[in-house]
>>> print(open('final-v6.txt').read())   # compact mmCIF, N, CA and C atoms and all ligand atoms
# COMPACT_ATOMS: atom_id res chain seq x y z
N MET B 92 -36.19 -11.17 -31.91
CA MET B 92 -35.88 -12.49 -31.32
C MET B 92 -37.19 -13.27 -31.13
N THR B 93 -37.19 -14.49 -31.63
CA THR B 93 -38.40 -15.31 -31.46
C THR B 93 -38.34 -16.04 -30.12
N ILE B 94 -39.51 -16.49 -29.71
CA ILE B 94 -39.58 -17.25 -28.45
C ILE B 94 -38.70 -18.48 -28.54
N GLY B 95 -38.70 -19.11 -29.74
CA GLY B 95 -37.92 -20.35 -29.91
C GLY B 95 -36.44 -20.09 -29.70
N SER B 96 -35.91 -19.00 -30.33
CA SER B 96 -34.47 -18.74 -30.20
C SER B 96 -34.12 -18.33 -28.76
N MET B 97 -35.10 -17.66 -28.12
CA MET B 97 -34.86 -17.26 -26.73
C MET B 97 -34.73 -18.49 -25.84
N PHE B 98 -35.60 -19.47 -26.06
CA PHE B 98 -35.51 -20.70 -25.26
C PHE B 98 -34.19 -21.41 -25.52
N GLY B 99 -33.74 -21.32 -26.79
CA GLY B 99 -32.44 -21.93 -27.13
C GLY B 99 -31.32 -21.30 -26.31
N ASP B 100 -31.33 -19.95 -26.24
CA ASP B 100 -30.30 -19.24 -25.46
C ASP B 100 -30.37 -19.63 -23.99
N VAL B 101 -31.60 -19.68 -23.47
CA VAL B 101 -31.78 -20.02 -22.05
C VAL B 101 -31.24 -21.43 -21.80
N PHE B 102 -31.58 -22.35 -22.68
CA PHE B 102 -31.15 -23.74 -22.51
C PHE B 102 -29.63 -23.86 -22.56
N ARG B 103 -29.00 -23.15 -23.54
CA ARG B 103 -27.53 -23.22 -23.66
C ARG B 103 -26.85 -22.61 -22.43
N SER B 104 -27.47 -21.56 -21.91
CA SER B 104 -26.82 -20.89 -20.77
C SER B 104 -26.81 -21.77 -19.52
N LEU B 105 -27.71 -22.77 -19.49
CA LEU B 105 -27.72 -23.68 -18.34
C LEU B 105 -26.43 -24.47 -18.24
N PHE B 106 -25.75 -24.65 -19.37
CA PHE B 106 -24.54 -25.49 -19.38
C PHE B 106 -23.26 -24.65 -19.48
N LYS B 107 -23.38 -23.33 -19.41
CA LYS B 107 -22.19 -22.47 -19.46
C LYS B 107 -21.80 -22.03 -18.07
N ARG B 108 -20.51 -21.80 -17.86
CA ARG B 108 -20.06 -21.26 -16.58
C ARG B 108 -20.42 -19.78 -16.53
N PRO B 109 -20.75 -19.27 -15.37
CA PRO B 109 -21.08 -17.83 -15.29
C PRO B 109 -19.87 -16.97 -15.59
N PHE B 110 -20.11 -15.79 -16.17
CA PHE B 110 -19.01 -14.88 -16.50
C PHE B 110 -18.59 -14.05 -15.29
N THR B 111 -19.44 -14.02 -14.30
CA THR B 111 -19.14 -13.18 -13.13
C THR B 111 -17.97 -13.76 -12.34
N GLU B 112 -17.19 -12.87 -11.70
CA GLU B 112 -16.08 -13.30 -10.84
C GLU B 112 -16.64 -13.96 -9.59
N ARG B 113 -15.94 -14.96 -9.08
CA ARG B 113 -16.40 -15.62 -7.85
C ARG B 113 -15.82 -14.97 -6.60
N TYR B 114 -15.40 -13.72 -6.75
CA TYR B 114 -14.91 -12.95 -5.61
C TYR B 114 -16.05 -12.68 -4.64
N PRO B 115 -15.89 -12.77 -3.34
CA PRO B 115 -14.64 -12.96 -2.60
C PRO B 115 -14.24 -14.41 -2.35
N TYR B 116 -14.98 -15.38 -2.92
CA TYR B 116 -14.62 -16.79 -2.67
C TYR B 116 -13.33 -17.15 -3.39
N GLN B 117 -13.11 -16.51 -4.54
CA GLN B 117 -11.84 -16.72 -5.25
C GLN B 117 -11.24 -15.35 -5.52
N ARG B 118 -10.01 -15.16 -5.09
CA ARG B 118 -9.37 -13.87 -5.34
C ARG B 118 -8.95 -13.82 -6.80
N PRO B 119 -9.30 -12.76 -7.49
CA PRO B 119 -8.90 -12.70 -8.90
C PRO B 119 -7.42 -12.37 -9.05
N GLN B 120 -6.89 -12.70 -10.19
CA GLN B 120 -5.51 -12.31 -10.52
C GLN B 120 -5.53 -10.82 -10.82
N VAL B 121 -4.77 -10.06 -10.07
CA VAL B 121 -4.82 -8.61 -10.29
C VAL B 121 -3.78 -8.21 -11.33
N PRO B 122 -4.01 -7.10 -12.03
CA PRO B 122 -3.01 -6.66 -13.01
C PRO B 122 -1.68 -6.34 -12.33
N GLU B 123 -0.60 -6.60 -13.05
CA GLU B 123 0.74 -6.39 -12.50
C GLU B 123 0.95 -4.94 -12.07
N ARG B 124 0.32 -4.03 -12.79
CA ARG B 124 0.54 -2.60 -12.49
C ARG B 124 -0.60 -1.99 -11.67
N LEU B 125 -1.27 -2.84 -10.92
CA LEU B 125 -2.36 -2.35 -10.07
C LEU B 125 -1.83 -1.34 -9.05
N ARG B 126 -2.57 -0.28 -8.85
CA ARG B 126 -2.20 0.69 -7.82
C ARG B 126 -2.97 0.37 -6.55
N ALA B 127 -2.34 -0.38 -5.68
CA ALA B 127 -2.99 -0.76 -4.42
C ALA B 127 -2.20 -0.12 -3.29
N LYS B 128 -2.05 -0.82 -2.20
CA LYS B 128 -1.35 -0.27 -1.04
C LYS B 128 0.11 0.06 -1.40
N VAL B 129 0.54 1.24 -1.01
CA VAL B 129 1.94 1.62 -1.26
C VAL B 129 2.83 0.85 -0.29
N VAL B 130 3.93 0.33 -0.81
CA VAL B 130 4.90 -0.36 0.04
C VAL B 130 6.26 0.34 -0.09
N TRP B 131 7.06 0.20 0.94
CA TRP B 131 8.34 0.91 0.99
C TRP B 131 9.44 -0.02 1.45
N ASN B 132 10.55 0.02 0.77
CA ASN B 132 11.71 -0.78 1.14
C ASN B 132 12.81 0.17 1.63
N PRO B 133 13.25 0.02 2.88
CA PRO B 133 14.20 0.99 3.42
C PRO B 133 15.64 0.83 2.91
N GLU B 134 15.93 -0.27 2.24
CA GLU B 134 17.32 -0.62 1.95
C GLU B 134 18.10 0.48 1.24
N ASN B 135 17.51 1.06 0.21
CA ASN B 135 18.26 2.05 -0.57
C ASN B 135 17.85 3.49 -0.28
N CYS B 136 17.04 3.69 0.70
CA CYS B 136 16.52 5.04 0.96
C CYS B 136 17.65 5.97 1.41
N SER B 137 17.73 7.12 0.75
CA SER B 137 18.76 8.11 1.09
C SER B 137 18.26 9.15 2.07
N GLY B 138 16.95 9.15 2.30
CA GLY B 138 16.37 10.15 3.18
C GLY B 138 16.15 11.49 2.52
N CYS B 139 16.10 11.51 1.21
CA CYS B 139 16.00 12.78 0.47
C CYS B 139 14.64 13.47 0.67
N GLN B 140 13.65 12.75 1.09
CA GLN B 140 12.30 13.28 1.37
C GLN B 140 11.52 13.68 0.11
N LEU B 141 12.05 13.37 -1.06
CA LEU B 141 11.36 13.79 -2.28
C LEU B 141 9.96 13.18 -2.38
N CYS B 142 9.83 11.92 -1.99
CA CYS B 142 8.51 11.26 -2.03
C CYS B 142 7.52 11.98 -1.14
N VAL B 143 8.00 12.41 0.03
CA VAL B 143 7.14 13.09 1.00
C VAL B 143 6.70 14.43 0.44
N LYS B 144 7.65 15.18 -0.12
CA LYS B 144 7.34 16.51 -0.66
C LYS B 144 6.42 16.42 -1.86
N ASP B 145 6.61 15.40 -2.67
CA ASP B 145 5.82 15.31 -3.91
C ASP B 145 4.44 14.69 -3.71
N CYS B 146 4.20 14.08 -2.57
CA CYS B 146 2.89 13.44 -2.36
C CYS B 146 1.80 14.51 -2.23
N PRO B 147 0.85 14.53 -3.14
CA PRO B 147 -0.18 15.57 -3.08
C PRO B 147 -1.19 15.37 -1.97
N ALA B 148 -1.18 14.19 -1.34
CA ALA B 148 -2.19 13.89 -0.33
C ALA B 148 -1.63 13.87 1.08
N ASN B 149 -0.35 14.24 1.20
CA ASN B 149 0.27 14.25 2.52
C ASN B 149 0.14 12.87 3.20
N ALA B 150 0.35 11.85 2.41
CA ALA B 150 0.13 10.49 2.91
C ALA B 150 1.41 9.81 3.39
N LEU B 151 2.55 10.47 3.22
CA LEU B 151 3.82 9.85 3.61
C LEU B 151 4.56 10.72 4.62
N GLU B 152 5.16 10.06 5.60
CA GLU B 152 6.05 10.77 6.55
C GLU B 152 7.32 9.93 6.65
N LEU B 153 8.45 10.55 6.44
CA LEU B 153 9.71 9.84 6.63
C LEU B 153 10.27 10.25 7.98
N ILE B 154 10.36 9.29 8.87
CA ILE B 154 10.81 9.56 10.23
C ILE B 154 12.28 9.17 10.35
N VAL B 155 13.09 10.13 10.79
CA VAL B 155 14.53 9.89 10.88
C VAL B 155 14.84 9.22 12.21
N VAL B 156 15.41 8.04 12.14
CA VAL B 156 15.87 7.36 13.35
C VAL B 156 17.34 7.71 13.59
N ASP B 157 18.14 7.57 12.55
CA ASP B 157 19.54 7.99 12.61
C ASP B 157 19.99 8.34 11.19
N LYS B 158 20.17 9.63 10.97
CA LYS B 158 20.47 10.09 9.61
C LYS B 158 21.83 9.57 9.12
N ALA B 159 22.82 9.57 10.01
CA ALA B 159 24.18 9.18 9.61
C ALA B 159 24.21 7.75 9.08
N SER B 160 23.48 6.87 9.72
CA SER B 160 23.49 5.48 9.24
C SER B 160 22.26 5.16 8.38
N LYS B 161 21.60 6.23 7.92
CA LYS B 161 20.45 6.08 7.01
C LYS B 161 19.40 5.13 7.55
N ARG B 162 19.02 5.39 8.80
CA ARG B 162 17.94 4.59 9.39
C ARG B 162 16.69 5.45 9.42
N PHE B 163 15.71 5.01 8.67
CA PHE B 163 14.46 5.74 8.57
C PHE B 163 13.28 4.78 8.74
N VAL B 164 12.16 5.37 9.14
CA VAL B 164 10.89 4.63 9.15
C VAL B 164 9.90 5.45 8.33
N MET B 165 9.15 4.78 7.51
CA MET B 165 8.15 5.47 6.69
C MET B 165 6.77 5.22 7.30
N ARG B 166 6.08 6.33 7.58
CA ARG B 166 4.69 6.19 8.03
C ARG B 166 3.79 6.49 6.83
N TYR B 167 2.97 5.51 6.51
CA TYR B 167 2.09 5.63 5.33
C TYR B 167 0.65 5.71 5.80
N HIS B 168 -0.04 6.75 5.36
CA HIS B 168 -1.45 6.93 5.70
C HIS B 168 -2.30 6.48 4.50
N ALA B 169 -2.71 5.23 4.55
CA ALA B 169 -3.45 4.67 3.41
C ALA B 169 -4.80 5.35 3.20
N ASP B 170 -5.34 5.93 4.27
CA ASP B 170 -6.65 6.59 4.14
C ASP B 170 -6.54 7.94 3.44
N ARG B 171 -5.33 8.48 3.35
CA ARG B 171 -5.15 9.75 2.64
C ARG B 171 -4.71 9.52 1.19
N CYS B 172 -4.11 8.37 0.96
CA CYS B 172 -3.50 8.09 -0.34
C CYS B 172 -4.54 8.10 -1.47
N ILE B 173 -4.17 8.73 -2.57
CA ILE B 173 -5.07 8.75 -3.73
C ILE B 173 -4.52 7.86 -4.86
N TYR B 174 -3.48 7.10 -4.55
CA TYR B 174 -2.94 6.09 -5.47
C TYR B 174 -2.52 6.71 -6.81
N CYS B 175 -1.92 7.88 -6.71
CA CYS B 175 -1.53 8.61 -7.92
C CYS B 175 -0.20 8.12 -8.48
N ALA B 176 0.60 7.43 -7.67
CA ALA B 176 1.91 6.88 -8.06
C ALA B 176 3.01 7.95 -8.13
N GLN B 177 2.74 9.15 -7.68
CA GLN B 177 3.77 10.19 -7.75
C GLN B 177 5.00 9.82 -6.92
N CYS B 178 4.79 9.24 -5.74
CA CYS B 178 5.92 8.87 -4.89
C CYS B 178 6.79 7.81 -5.56
N VAL B 179 6.15 6.89 -6.24
CA VAL B 179 6.88 5.82 -6.93
C VAL B 179 7.74 6.43 -8.04
N GLU B 180 7.17 7.39 -8.75
CA GLU B 180 7.90 8.08 -9.82
C GLU B 180 9.04 8.91 -9.25
N SER B 181 8.80 9.54 -8.13
CA SER B 181 9.77 10.49 -7.59
C SER B 181 11.02 9.82 -7.01
N CYS B 182 10.87 8.61 -6.49
CA CYS B 182 12.00 7.96 -5.82
C CYS B 182 13.01 7.44 -6.84
N ARG B 183 14.21 8.00 -6.78
CA ARG B 183 15.26 7.58 -7.73
C ARG B 183 15.81 6.22 -7.37
N PHE B 184 15.57 5.78 -6.14
CA PHE B 184 16.18 4.53 -5.69
C PHE B 184 15.20 3.36 -5.65
N LYS B 185 14.05 3.58 -6.23
CA LYS B 185 13.03 2.52 -6.35
C LYS B 185 12.66 1.89 -5.00
N CYS B 186 12.55 2.73 -4.01
CA CYS B 186 12.17 2.23 -2.68
C CYS B 186 10.66 2.03 -2.56
N LEU B 187 9.92 2.73 -3.39
CA LEU B 187 8.46 2.69 -3.28
C LEU B 187 7.82 1.94 -4.43
N GLY B 188 6.72 1.30 -4.12
CA GLY B 188 5.98 0.57 -5.16
C GLY B 188 4.58 0.27 -4.65
N PHE B 189 3.85 -0.48 -5.44
CA PHE B 189 2.50 -0.86 -5.04
C PHE B 189 2.45 -2.37 -4.80
N SER B 190 1.75 -2.76 -3.77
CA SER B 190 1.59 -4.18 -3.48
C SER B 190 0.59 -4.81 -4.45
N THR B 191 0.90 -5.99 -4.93
CA THR B 191 -0.08 -6.71 -5.74
C THR B 191 -0.83 -7.74 -4.88
N GLU B 192 -0.46 -7.80 -3.61
CA GLU B 192 -1.13 -8.73 -2.68
C GLU B 192 -2.15 -8.01 -1.81
N GLU B 193 -1.77 -6.82 -1.36
CA GLU B 193 -2.65 -6.09 -0.43
C GLU B 193 -3.44 -5.03 -1.18
N TRP B 194 -4.59 -5.40 -1.66
CA TRP B 194 -5.44 -4.45 -2.38
C TRP B 194 -6.88 -4.44 -1.84
N GLU B 195 -7.15 -5.31 -0.89
CA GLU B 195 -8.48 -5.27 -0.25
C GLU B 195 -8.34 -4.39 0.99
N LEU B 196 -8.50 -3.11 0.83
CA LEU B 196 -8.11 -2.18 1.88
C LEU B 196 -9.27 -1.64 2.71
N ALA B 197 -10.48 -2.05 2.40
CA ALA B 197 -11.62 -1.53 3.16
C ALA B 197 -11.54 -2.01 4.61
N SER B 198 -11.89 -1.14 5.53
CA SER B 198 -11.88 -1.52 6.94
C SER B 198 -12.83 -0.62 7.71
N ALA B 199 -13.47 -1.19 8.72
CA ALA B 199 -14.37 -0.41 9.56
C ALA B 199 -13.58 0.34 10.63
N SER B 200 -12.31 -0.03 10.78
CA SER B 200 -11.47 0.60 11.80
C SER B 200 -10.40 1.44 11.10
N LYS B 201 -9.91 2.49 11.77
CA LYS B 201 -8.88 3.34 11.17
C LYS B 201 -7.48 2.73 11.32
N VAL B 202 -7.37 1.76 12.23
CA VAL B 202 -6.05 1.23 12.58
C VAL B 202 -5.23 0.74 11.37
N PRO B 203 -5.81 -0.06 10.46
CA PRO B 203 -4.97 -0.56 9.36
C PRO B 203 -4.55 0.51 8.36
N PHE B 204 -5.10 1.70 8.49
CA PHE B 204 -4.76 2.74 7.52
C PHE B 204 -3.49 3.50 7.86
N GLU B 205 -2.95 3.24 9.03
CA GLU B 205 -1.67 3.87 9.36
C GLU B 205 -0.62 2.76 9.46
N VAL B 206 0.33 2.80 8.55
CA VAL B 206 1.28 1.69 8.43
C VAL B 206 2.69 2.22 8.65
N LEU B 207 3.47 1.49 9.46
CA LEU B 207 4.88 1.83 9.63
C LEU B 207 5.71 0.83 8.85
N TYR B 208 6.55 1.36 7.97
CA TYR B 208 7.46 0.51 7.21
C TYR B 208 8.89 0.79 7.66
N GLY B 209 9.68 -0.25 7.70
CA GLY B 209 11.09 -0.07 8.05
C GLY B 209 11.65 -1.35 8.63
N ARG B 210 12.91 -1.25 9.04
CA ARG B 210 13.53 -2.42 9.68
C ARG B 210 12.88 -2.61 11.05
N ASP B 211 12.78 -3.86 11.48
CA ASP B 211 12.10 -4.17 12.74
C ASP B 211 12.67 -3.37 13.90
N GLU B 212 14.01 -3.29 13.97
CA GLU B 212 14.63 -2.61 15.11
C GLU B 212 14.33 -1.11 15.09
N ASP B 213 14.20 -0.55 13.91
CA ASP B 213 13.91 0.89 13.82
C ASP B 213 12.46 1.18 14.21
N ILE B 214 11.56 0.30 13.79
CA ILE B 214 10.15 0.47 14.17
C ILE B 214 10.01 0.30 15.69
N GLN B 215 10.71 -0.69 16.22
CA GLN B 215 10.68 -0.92 17.67
C GLN B 215 11.19 0.31 18.43
N PHE B 216 12.28 0.87 17.93
CA PHE B 216 12.86 2.07 18.54
C PHE B 216 11.84 3.21 18.56
N LEU B 217 11.17 3.35 17.44
CA LEU B 217 10.19 4.43 17.30
C LEU B 217 9.01 4.22 18.25
N LEU B 218 8.55 2.99 18.34
CA LEU B 218 7.41 2.70 19.22
C LEU B 218 7.78 2.94 20.68
N GLU B 219 9.02 2.59 21.02
CA GLU B 219 9.47 2.81 22.40
C GLU B 219 9.53 4.30 22.70
N ARG B 220 10.02 5.09 21.74
CA ARG B 220 10.07 6.55 21.93
C ARG B 220 8.66 7.11 22.08
N ALA B 221 7.73 6.57 21.27
CA ALA B 221 6.35 7.04 21.35
C ALA B 221 5.76 6.71 22.71
N ALA B 222 6.09 5.52 23.23
CA ALA B 222 5.58 5.12 24.54
C ALA B 222 6.13 6.01 25.65
N GLN B 223 7.29 6.61 25.39
CA GLN B 223 7.89 7.51 26.39
C GLN B 223 7.27 8.91 26.34
N GLY B 224 6.29 9.07 25.47
CA GLY B 224 5.60 10.35 25.44
C GLY B 224 5.90 11.19 24.22
N CYS B 225 6.53 10.60 23.25
CA CYS B 225 6.86 11.35 22.05
C CYS B 225 5.90 11.04 20.92
N ALA B 226 4.76 10.39 21.21
CA ALA B 226 3.80 10.05 20.18
C ALA B 226 3.34 11.32 19.47
N GLY B 227 3.28 11.25 18.15
CA GLY B 227 2.85 12.40 17.36
C GLY B 227 3.98 13.36 17.08
N GLU B 228 5.11 13.21 17.81
CA GLU B 228 6.27 14.07 17.59
C GLU B 228 7.41 13.19 17.10
N ALA B 229 7.04 12.24 16.27
CA ALA B 229 8.00 11.19 15.91
C ALA B 229 9.29 11.73 15.33
N ALA B 230 9.24 12.72 14.44
CA ALA B 230 10.46 13.17 13.79
C ALA B 230 11.44 13.80 14.78
N PRO B 231 11.02 14.82 15.57
CA PRO B 231 11.97 15.39 16.49
C PRO B 231 12.45 14.40 17.54
N CYS B 232 11.56 13.49 17.97
CA CYS B 232 11.93 12.54 19.01
C CYS B 232 12.88 11.49 18.51
N SER B 233 12.91 11.29 17.19
CA SER B 233 13.67 10.15 16.68
C SER B 233 14.79 10.61 15.77
N GLU B 234 15.32 11.78 15.98
CA GLU B 234 16.41 12.27 15.15
C GLU B 234 17.65 11.40 15.25
N SER B 235 17.89 10.85 16.42
CA SER B 235 19.05 9.98 16.53
C SER B 235 18.67 8.72 17.30
N ALA B 236 19.48 7.70 17.06
CA ALA B 236 19.17 6.42 17.70
C ALA B 236 19.67 6.38 19.14
N GLY B 237 20.46 7.34 19.53
CA GLY B 237 21.07 7.30 20.86
C GLY B 237 20.04 7.32 21.91
S1 LIG B 301 0.46 7.09 -4.36
FE1 LIG B 301 0.22 9.35 -4.46
S2 LIG B 301 -1.08 9.86 -2.74
FE2 LIG B 301 -0.36 7.76 -2.38
S3 LIG B 301 1.47 8.02 -1.10
FE3 LIG B 301 2.18 7.99 -3.23
S4 LIG B 301 2.24 10.14 -3.87
FE4 LIG B 301 1.01 10.03 -2.01
S1 LIG B 302 12.26 9.51 -2.47
FE1 LIG B 302 13.07 7.47 -2.14
S2 LIG B 302 15.13 7.81 -1.33
FE2 LIG B 302 14.02 9.74 -1.10
S3 LIG B 302 13.13 9.64 0.98
FE3 LIG B 302 11.59 8.84 -0.45
S4 LIG B 302 11.92 6.63 -0.41
FE4 LIG B 302 13.76 7.56 0.43
>>> encode(input="final-v6.txt", output="structure tokens")
Amino acid sequence: MTIGSMFGDVFRSLFKRPFTERYPYQRPQVPERLRAKVVWNPENCSGCQLCVKDCPANALELIVVDKASKRFVMRYHADRCIYCAQCVESCRFKCLGFSTEEWELASASKVPFEVLYGRDEDIQFLLERAAQGCAGEAAPCSESAG
């Protein structure tokens, strides 16, 4: 490369837009199949626990609120998740998937890494039971809604 051609490249680059992403000022369009935060929809959940059993990282807990009426809450430990997609594959009812919105998961606090998914009333029920001293014993404490 001659000095002349190098100056040509330098001069042309002054008028080109940079190739680098402007993140975090502009959020990039993420791929549709990005493996980010796991999300859970309770609507079709049968309570089979297959996702929980198949998760190699022990990142999912299905808490039974009322088995007869199929009321469950899913506790997701994002800090344990290895984003392998096994739970998504295992669920026959397509309750699990990956968020394409929530993928900036870094945090200095542990709080956002424990997520409760479910219907508002079921989560509320669970939190009330926990406040009564059943924290950490969510499954046995929440076997029934009564
Ligand atoms: S993506 Fe993998 S590690 Fe994460 S919750 Fe699902 S099965 Fe577990
Ligand atoms: S595999 Fe699907 S249906 Fe079974 S407990 Fe998990 S989310 Fe519910």
>>> closest_residue(input="final-v6.txt", among="B:Ala197, B:Cys136, B:Leu151, B:Cys142", to="Cys172 in chain B", atoms="only C-alpha atoms")
B:Leu151
>>> closest_residue(input="final-v6.txt", among="B:Glu195, B:Glu123, B:Asp145, B:Asp157", to="Glu180 in chain B", atoms="only C-alpha atoms")
B:Asp145
>>> select_by_dssp(input="final-v6.txt", residues="range 106-152 of chain B", states="helix (DSSP H, G or I)", output="PyMOL selection string")
chain B and resi 141-145
>>> residues_near_ligand(input="final-v6.txt", ligand="ligand LIG 301 (chain B)", cutoff="7 Å", atoms="all atoms listed in the file", output="list in words")
Val129, Cys142, Asp145, Cys146, Pro147, Ala148, Asn149, Ala150, Leu151, Tyr167, His168, Arg171, Cys172, Ile173, Tyr174, Cys175, Ala176, Gln177, Cys178 and Val179 of chain B
>>> residues_near_ligand(input="final-v6.txt", ligand="ligand LIG 302 (chain B)", cutoff="7 Å", atoms="only N, CA and C atoms and all ligand atoms", output="list in words")
Trp131, Asn132, Asn135, Cys136, Ser137, Gly138, Cys139, Gln140, Leu141, Cys142, Val143, Leu153, Cys178, Ser181, Cys182, Arg183, Phe184, Lys185, Cys186 and Leu187 of chain B
>>> closest_residue(input="final-v6.txt", among="B:Pro115, B:Leu105, B:Asp213, B:Leu218", to="Arg162 in chain B", atoms="all atoms listed in the file")
B:Asp213
>>> select_by_dssp(input="final-v6.txt", residues="range 129-232 of chain B", states="strand (DSSP E or B)", output="list in words")
Val129, Val130, Trp131, Leu151, Glu152, Leu153, Ile154, Val155, Val156, Asp157, Arg162, Phe163, Val164, Met165, Arg166, Tyr167, His168, Leu187, Gly188, Phe189, Glu205, Val206, Leu207 and Tyr208 of chain B
>>> atom_distance(input="final-v6.txt", atom1="CA of Glu193 in chain B", atom2="CA of Thr111 in chain B")
22.0 Å
>>> closest_residue(input="final-v6.txt", among="B:Glu219, B:Glu152, B:Glu112, B:Glu192", to="Ala169 in chain B", atoms="only C-alpha atoms")
B:Glu152
>>> build_atoms(input="final-v6.txt", residues="range 177-184 of chain B", atoms="all heavy atoms", output="PDB file, in the coordinates of the input")
ATOM      1  N   GLN B 177       2.740   9.150  -7.680  1.00  0.00           N
ATOM      2  CA  GLN B 177       3.770  10.190  -7.750  1.00  0.00           C
ATOM      3  C   GLN B 177       5.000   9.820  -6.920  1.00  0.00           C
ATOM      4  O   GLN B 177       6.136  10.030  -7.344  1.00  0.00           O
ATOM      5  CB  GLN B 177       3.193  11.533  -7.262  1.00  0.00           C
ATOM      6  CG  GLN B 177       4.178  12.686  -7.369  1.00  0.00           C
ATOM      7  CD  GLN B 177       4.676  12.890  -8.786  1.00  0.00           C
ATOM      8  OE1 GLN B 177       3.887  13.120  -9.693  1.00  0.00           O
ATOM      9  NE2 GLN B 177       5.984  12.778  -8.988  1.00  0.00           N
ATOM     10  N   CYS B 178       4.790   9.240  -5.740  1.00  0.00           N
ATOM     11  CA  CYS B 178       5.920   8.870  -4.890  1.00  0.00           C
ATOM     12  C   CYS B 178       6.790   7.810  -5.560  1.00  0.00           C
ATOM     13  O   CYS B 178       8.022   7.858  -5.485  1.00  0.00           O
ATOM     14  CB  CYS B 178       5.429   8.377  -3.536  1.00  0.00           C
ATOM     15  SG  CYS B 178       4.251   7.015  -3.625  1.00  0.00           S
ATOM     16  N   VAL B 179       6.150   6.890  -6.240  1.00  0.00           N
ATOM     17  CA  VAL B 179       6.880   5.820  -6.930  1.00  0.00           C
ATOM     18  C   VAL B 179       7.740   6.430  -8.040  1.00  0.00           C
ATOM     19  O   VAL B 179       8.908   6.068  -8.221  1.00  0.00           O
ATOM     20  CB  VAL B 179       5.890   4.775  -7.507  1.00  0.00           C
ATOM     21  CG1 VAL B 179       6.630   3.661  -8.233  1.00  0.00           C
ATOM     22  CG2 VAL B 179       5.018   4.202  -6.397  1.00  0.00           C
ATOM     23  N   GLU B 180       7.170   7.390  -8.750  1.00  0.00           N
ATOM     24  CA  GLU B 180       7.900   8.080  -9.820  1.00  0.00           C
ATOM     25  C   GLU B 180       9.040   8.910  -9.250  1.00  0.00           C
ATOM     26  O   GLU B 180      10.121   8.987  -9.849  1.00  0.00           O
ATOM     27  CB  GLU B 180       6.952   9.026 -10.583  1.00  0.00           C
ATOM     28  CG  GLU B 180       5.897   8.332 -11.412  1.00  0.00           C
ATOM     29  CD  GLU B 180       6.486   7.625 -12.616  1.00  0.00           C
ATOM     30  OE1 GLU B 180       7.386   8.199 -13.243  1.00  0.00           O
ATOM     31  OE2 GLU B 180       6.061   6.496 -12.895  1.00  0.00           O
ATOM     32  N   SER B 181       8.800   9.540  -8.130  1.00  0.00           N
ATOM     33  CA  SER B 181       9.770  10.490  -7.590  1.00  0.00           C
ATOM     34  C   SER B 181      11.020   9.820  -7.010  1.00  0.00           C
ATOM     35  O   SER B 181      12.090  10.411  -7.002  1.00  0.00           O
ATOM     36  CB  SER B 181       9.132  11.344  -6.484  1.00  0.00           C
ATOM     37  OG  SER B 181       8.100  12.135  -7.007  1.00  0.00           O
ATOM     38  N   CYS B 182      10.870   8.610  -6.490  1.00  0.00           N
ATOM     39  CA  CYS B 182      12.000   7.960  -5.820  1.00  0.00           C
ATOM     40  C   CYS B 182      13.010   7.440  -6.840  1.00  0.00           C
ATOM     41  O   CYS B 182      12.716   6.535  -7.615  1.00  0.00           O
ATOM     42  CB  CYS B 182      11.531   6.825  -4.918  1.00  0.00           C
ATOM     43  SG  CYS B 182      12.923   6.093  -4.035  1.00  0.00           S
ATOM     44  N   ARG B 183      14.210   8.000  -6.780  1.00  0.00           N
ATOM     45  CA  ARG B 183      15.260   7.580  -7.730  1.00  0.00           C
ATOM     46  C   ARG B 183      15.810   6.220  -7.370  1.00  0.00           C
ATOM     47  O   ARG B 183      16.505   5.596  -8.150  1.00  0.00           O
ATOM     48  CB  ARG B 183      16.401   8.602  -7.718  1.00  0.00           C
ATOM     49  CG  ARG B 183      16.036   9.930  -8.323  1.00  0.00           C
ATOM     50  CD  ARG B 183      17.154  10.924  -8.127  1.00  0.00           C
ATOM     51  NE  ARG B 183      17.356  11.178  -6.700  1.00  0.00           N
ATOM     52  CZ  ARG B 183      18.510  11.581  -6.164  1.00  0.00           C
ATOM     53  NH1 ARG B 183      19.564  11.742  -6.914  1.00  0.00           N
ATOM     54  NH2 ARG B 183      18.611  11.811  -4.870  1.00  0.00           N
ATOM     55  N   PHE B 184      15.570   5.780  -6.140  1.00  0.00           N
ATOM     56  CA  PHE B 184      16.180   4.530  -5.690  1.00  0.00           C
ATOM     57  C   PHE B 184      15.200   3.360  -5.650  1.00  0.00           C
ATOM     58  O   PHE B 184      15.480   2.314  -5.084  1.00  0.00           O
ATOM     59  CB  PHE B 184      16.804   4.760  -4.308  1.00  0.00           C
ATOM     60  CG  PHE B 184      17.835   5.842  -4.329  1.00  0.00           C
ATOM     61  CD1 PHE B 184      17.559   7.101  -3.812  1.00  0.00           C
ATOM     62  CD2 PHE B 184      19.068   5.629  -4.921  1.00  0.00           C
ATOM     63  CE1 PHE B 184      18.498   8.113  -3.847  1.00  0.00           C
ATOM     64  CE2 PHE B 184      20.017   6.634  -4.968  1.00  0.00           C
ATOM     65  CZ  PHE B 184      19.736   7.886  -4.439  1.00  0.00           C
TER      66      PHE B 184
END
